[in-house]
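To be precise, the following lines are coords-v5.cif, and they hold mmCIF, C-alpha atoms.
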data_my_file
loop_
_atom_site.label_atom_id
_atom_site.label_comp_id
_atom_site.auth_asym_id
_atom_site.auth_seq_id
_atom_site.Cartn_x
_atom_site.Cartn_y
_atom_site.Cartn_z
CA MET B 433 -16.80 -6.93 -1.79
CA ASN B 434 -19.60 -9.13 -0.37
CA TRP B 435 -17.12 -11.14 1.69
CA ILE B 436 -15.89 -7.92 3.29
CA ALA B 437 -19.46 -6.90 4.19
CA ARG B 438 -20.06 -10.30 5.77
CA LEU B 439 -16.88 -10.02 7.82
CA GLU B 440 -17.84 -6.51 8.90
CA ARG B 441 -21.29 -7.62 10.06
CA LYS B 442 -19.78 -10.44 12.08
CA TYR B 443 -16.56 -8.91 13.40
CA GLY B 444 -17.06 -5.17 12.92
CA ARG B 445 -16.60 -4.40 16.60
CA PHE B 446 -13.09 -5.91 16.59
CA CYS B 447 -11.04 -3.05 15.18
CA ILE B 448 -8.66 -0.29 16.21
CA PRO B 449 -10.06 3.23 15.72
CA ASN B 450 -7.75 5.82 14.13
CA LEU B 451 -5.26 3.13 13.14
CA ILE B 452 -3.50 5.35 10.61
CA ASN B 453 -2.69 7.90 13.31
CA ILE B 454 -1.15 5.15 15.45
CA ILE B 455 0.95 3.89 12.53
CA ILE B 456 2.12 7.36 11.51
CA GLY B 457 2.83 8.34 15.11
CA GLY B 458 4.96 5.21 15.44
CA GLN B 459 6.82 5.99 12.21
CA ILE B 460 7.58 9.53 13.37
CA LEU B 461 8.83 8.22 16.71
CA VAL B 462 11.00 5.50 15.13
CA TYR B 463 12.49 7.94 12.63
CA ALA B 464 13.23 10.48 15.39
CA VAL B 465 14.97 7.79 17.46
CA GLU B 466 16.91 6.71 14.37
CA LEU B 467 18.06 10.28 13.72
CA PHE B 468 18.88 11.42 17.24
CA VAL B 469 19.31 8.39 19.53
CA ASN B 470 20.11 5.08 17.84
CA GLN B 471 20.56 4.82 14.09
CA TYR B 472 20.17 1.03 14.25
CA VAL B 473 16.78 0.95 16.00
CA SER B 474 15.03 -0.27 12.84
CA LEU B 475 17.12 -3.46 12.94
CA TYR B 476 15.12 -4.50 16.02
CA LEU B 477 11.80 -3.74 14.30
CA ASP B 478 12.23 -4.74 10.64
CA LEU B 479 10.69 -7.88 9.16
CA PHE B 480 13.37 -10.57 8.76
CA ARG B 481 12.72 -14.27 8.24
CA THR B 482 15.60 -15.24 10.54
CA GLY B 483 14.15 -13.06 13.29
CA LEU B 484 10.66 -14.49 12.90
CA LEU B 485 11.88 -18.07 12.90
CA SER B 486 13.93 -17.40 16.03
CA GLY B 487 10.81 -16.30 17.92
CA GLN B 488 10.88 -12.50 17.42
CA ILE B 489 7.17 -12.37 16.66
CA TRP B 490 6.90 -8.66 17.43
CA ARG B 491 8.44 -7.97 14.02
CA VAL B 492 5.13 -8.98 12.42
CA PHE B 493 3.65 -5.74 13.78
CA THR B 494 6.61 -3.43 14.38
CA PHE B 495 7.85 -3.37 10.78
CA VAL B 496 4.92 -1.11 9.83
CA LEU B 497 6.36 1.49 12.23
CA VAL B 498 9.58 1.74 10.21
CA PRO B 499 9.10 4.38 7.48
CA PHE B 500 10.20 3.40 3.99
CA SER B 501 13.58 5.08 3.43
CA GLY B 502 13.96 5.27 -0.33
CA GLY B 503 15.99 8.49 -0.12
CA GLY B 504 17.10 11.24 2.25
CA PRO B 505 15.27 12.76 5.22
CA LEU B 506 13.04 14.95 3.02
CA SER B 507 11.74 11.96 1.05
CA VAL B 508 11.08 10.08 4.29
CA ILE B 509 9.15 13.01 5.77
CA LEU B 510 7.14 13.49 2.56
CA GLY B 511 6.47 9.75 2.47
CA ILE B 512 5.17 9.77 6.05
CA TYR B 513 2.95 12.77 5.33
CA PHE B 514 1.57 11.27 2.12
CA THR B 515 0.88 7.94 3.84
CA TRP B 516 -1.03 9.79 6.57
CA PHE B 517 -2.96 11.83 3.98
CA ILE B 518 -4.16 8.88 1.92
CA GLY B 519 -4.55 6.58 4.93
CA SER B 520 -6.80 9.10 6.69
CA ALA B 521 -8.95 9.46 3.56
CA LEU B 522 -9.31 5.68 3.20
CA GLU B 523 -10.12 5.26 6.89
CA LYS B 524 -12.82 7.92 6.60
CA GLU B 525 -14.24 6.37 3.40
CA TRP B 526 -14.26 2.75 4.55
CA GLY B 527 -14.66 3.06 8.29
CA ASP B 528 -12.41 1.57 10.94
CA PHE B 529 -13.10 -2.11 10.30
CA ARG B 530 -12.46 -2.14 6.55
CA PHE B 531 -9.34 -0.02 6.91
CA ASN B 532 -8.09 -2.33 9.67
CA LEU B 533 -8.78 -5.31 7.42
CA TYR B 534 -6.89 -3.74 4.52
CA ILE B 535 -3.85 -3.08 6.71
CA LEU B 536 -4.07 -6.56 8.28
CA LEU B 537 -4.15 -8.24 4.86
CA GLY B 538 -1.17 -6.11 3.84
CA ILE B 539 0.71 -7.29 6.93
CA VAL B 540 -0.21 -10.93 6.25
CA GLY B 541 1.00 -10.58 2.65
CA ALA B 542 4.25 -8.96 3.78
CA VAL B 543 4.90 -11.74 6.31
CA LEU B 544 4.28 -14.42 3.66
CA GLY B 545 6.55 -12.56 1.25
CA CYS B 546 9.19 -12.31 3.96
CA LEU B 547 9.08 -16.06 4.48
CA VAL B 548 9.73 -16.52 0.74
CA THR B 549 12.58 -14.04 0.27
CA GLY B 550 13.84 -13.44 3.82
CA TYR B 551 12.88 -9.77 4.13
CA ALA B 552 9.97 -7.35 3.66
CA ASP B 553 9.47 -3.65 4.36
CA THR B 554 6.66 -1.09 4.17
CA TYR B 555 7.13 -0.29 0.46
CA CYS B 556 4.30 -2.50 -0.81
CA LEU B 557 2.05 -1.56 2.12
CA SER B 558 2.45 2.13 1.29
CA LEU B 559 2.00 1.37 -2.41
CA SER B 560 -1.22 -0.55 -1.71
CA LEU B 561 -2.59 2.48 0.14
CA LEU B 562 -1.73 4.76 -2.77
CA LEU B 563 -3.32 2.43 -5.33
CA ALA B 564 -6.47 2.06 -3.21
CA PHE B 565 -6.72 5.86 -2.95
CA ALA B 566 -6.22 6.21 -6.72
CA MET B 567 -8.97 3.64 -7.37
CA LEU B 568 -11.43 5.47 -5.11
CA TYR B 569 -10.49 9.07 -5.88
CA PRO B 570 -8.84 9.11 -9.34
CA GLU B 571 -9.66 12.77 -10.08
CA VAL B 572 -8.52 14.24 -6.76
CA GLN B 573 -5.58 16.61 -7.19
CA VAL B 574 -2.55 16.66 -4.90
CA LEU B 575 0.35 19.07 -4.99
CA LEU B 576 3.59 17.46 -6.16
CA PHE B 577 6.40 19.02 -4.09
CA PHE B 578 3.59 21.20 -2.62
CA VAL B 579 3.55 23.19 -5.89
CA ILE B 580 2.49 21.18 -8.98
CA PRO B 581 -1.14 19.95 -9.06
CA VAL B 582 -1.36 16.33 -10.24
CA ARG B 583 -4.37 14.01 -10.33
CA VAL B 584 -4.02 11.02 -8.03
CA LYS B 585 -4.72 8.57 -10.86
CA TYR B 586 -1.45 9.59 -12.50
CA PHE B 587 0.43 8.99 -9.26
CA GLY B 588 -1.21 5.58 -9.13
CA ILE B 589 -0.34 4.74 -12.74
CA PHE B 590 3.28 5.83 -12.27
CA ALA B 591 3.65 3.82 -9.05
CA ALA B 592 1.99 0.78 -10.63
CA VAL B 593 4.32 0.94 -13.64
CA LEU B 594 7.38 1.09 -11.38
CA TRP B 595 6.07 -1.90 -9.42
CA ALA B 596 5.38 -3.83 -12.63
CA LEU B 597 8.89 -3.13 -13.96
CA SER B 598 10.42 -4.31 -10.69
CA PHE B 599 8.19 -7.38 -10.78
CA LEU B 600 9.11 -8.29 -14.36
CA THR B 601 12.84 -7.96 -13.77
CA ALA B 602 12.85 -9.87 -10.45
CA GLY B 603 13.65 -13.52 -9.85
CA ALA B 604 10.96 -16.13 -9.30
CA ALA B 605 11.01 -15.95 -5.48
CA THR B 606 10.89 -12.15 -5.51
CA LYS B 607 7.98 -12.22 -7.98
CA ILE B 608 6.03 -14.41 -5.56
CA SER B 609 6.92 -12.04 -2.71
CA TYR B 610 5.81 -9.00 -4.73
CA LEU B 611 2.42 -10.58 -5.38
CA LEU B 612 1.97 -11.67 -1.78
CA CYS B 613 2.87 -8.21 -0.50
CA MET B 614 0.03 -6.77 -2.61
CA LEU B 615 -2.48 -9.28 -1.22
CA ASN B 616 -4.71 -6.58 0.29
CA PHE B 617 -5.01 -4.61 -2.96
CA ILE B 618 -5.61 -7.76 -5.01
CA LEU B 619 -8.41 -8.95 -2.71
CA PHE B 620 -10.06 -5.53 -2.43
CA PHE B 621 -9.61 -4.21 -5.96
CA GLY B 622 -8.45 -7.08 -8.18
CA PRO B 623 -11.72 -7.60 -10.12
CA GLN B 624 -12.31 -3.86 -10.49
CA ALA B 625 -8.73 -3.24 -11.67
CA TRP B 626 -9.00 -6.10 -14.18
CA ARG B 627 -12.24 -4.68 -15.59
CA SER B 628 -10.61 -1.25 -15.91
CA ILE B 629 -7.63 -2.71 -17.77
CA ARG B 630 -9.89 -4.67 -20.13
CA ALA B 631 -11.99 -1.57 -20.80
CA TRP B 632 -8.85 0.45 -21.58
CA VAL B 633 -7.60 -2.26 -23.97
CA ARG B 634 -10.96 -2.32 -25.77
CA ARG B 635 -10.93 1.48 -26.12
CA GLU B 636 -7.42 1.42 -27.56
CA GLN B 637 -8.36 -1.33 -30.02
CA TRP B 638 -11.43 0.63 -31.09
CA LYS B 639 -9.33 3.76 -31.63
CA ARG B 640 -6.81 1.90 -33.76
CA LYS B 641 -9.54 0.37 -35.92
CA ASN B 642 -11.17 3.75 -36.50
CA ARG B 643 -7.92 5.41 -37.52
CA ARG B 644 -7.74 3.22 -40.62
#
Output the structure of this file as structure tokens.
Amino acid sequence: MNWIARLERKYGRFCIPNLINIIIGGQILVYAVELFVNQYVSLYLDLFRTGLLSGQIWRVFTFVLVPFSGGGPLSVILGIYFTWFIGSALEKEWGDFRFNLYILLGIVGAVLGCLVTGYADTYCLSLSLLLAFAMLYPEVQVLLFFVIPVRVKYFGIFAAVLWALSFLTAGAATKISYLLCMLNFILFFGPQAWRSIRAWVRREQWKRKNRR
């Protein structure tokens, strides 16, 4: 994290305060327009390689305002709320500059992934926020469906497993895109995550040896 501290000392004043509120406000607005005004509005905002190469540079920034639509309206609304919840916590923990940097690196990774495969959305950006939250607050409990208390680390593990399965079953270009889209998490938490995995493997090996 030393490189992040150096960047913050040098460029800390160049950041957008309350960035998560701006992003979530934009997602709510875009989704409302999609529901009640123009159902194709996201086509003008999404991240497409053909659009970027034809000069539609605004897509680099506007794609983060399109909420990930992995299901019906309820899942979209819950996704927006959860993104705001974890994003606000990260912004409070890190401060404006580090949170801005995390989002910026996520955008850069998504753009690079888009150039490889032709398309990128906010899935990996939202996932990177969840994984960052799980790394910082593993024991915090959230209410699944507003009823069932679940520790955040289990959300993180479940989401990471789904990502890994998608990664393993994807083609070569998509694998590259998946890694690029997680650039922010890798740069912020890669060494720490690797140490945690190695520690877990050692514990499991020790348990197996002592069962004999």
Test item: residues at most 10 Å from range 467-483 of chain B, all atoms listed in the file, excluding those fewer than 2 positions along its chain, as a ChimeraX atom specification: /B:461-465,485-499,505,542-554
Which of these residues is nearest to Asn450 in chain B, using only C-alpha atoms: B:Arg438, B:Ser507, B:Phe500, B:Gly519?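 So, comparing all the options, the nearest one is B:Gly519.
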Have a look at B:Ile436, B:Leu559, B:Ile608, B:Leu568 and name the one nearest to Gln624 in chain B; count all atoms listed in the file. B:Leu568
For CA of Ala605 in chain B and CA of Ala592 in chain B, quote the distance in Å rounded to one decimal.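 Computing it gives 19.7 Å between the two atoms.
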Interatomic distance between CA of Ile539 in chain B and CA of Ile456 in chain B?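 We find that CA of Ile539 in chain B and CA of Ile456 in chain B lie 15.4 Å from each other.
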Please report the interatomic distance between CA of Arg627 in chain B and CA of Glu571 in chain B in Å with one decimal. 18.5 Å
Padding 6 Å on each side, edges along x, y and z: where is the centre of the box around the listed atoms of range 595-608 of chain B, and how long are its edges in Å to one decimal? Output it as AutoDock Vina command-line options.
--center_x 9.5 --center_y -9.0 --center_z -9.9 --size_x 20.3 --size_y 26.2 --size_z 20.9
Convert the output of the PyMOL selection byres ((chain B and resi 538) around 9) on the shown file into explicit residues, formatted as an MDAnalysis selection string. chainID B and resid 533:537 539:543 556:557 560 612:617
Give me, as number ranges by chain, all polymer residues having an atom no more than 12 Å from Tyr569 in chain B, counting only C-alpha atoms and skipping those fewer than 4 positions away in the same chain. B: 518, 521-522, 525, 561-565, 573-574, 583-588
Can you translate the PyMOL selection byres ((chain B and resi 451) around 9) into the concrete residues it hits in this file, as a ChimeraX atom specification? /B:447-450,452-456,519-520,523,528,531-532
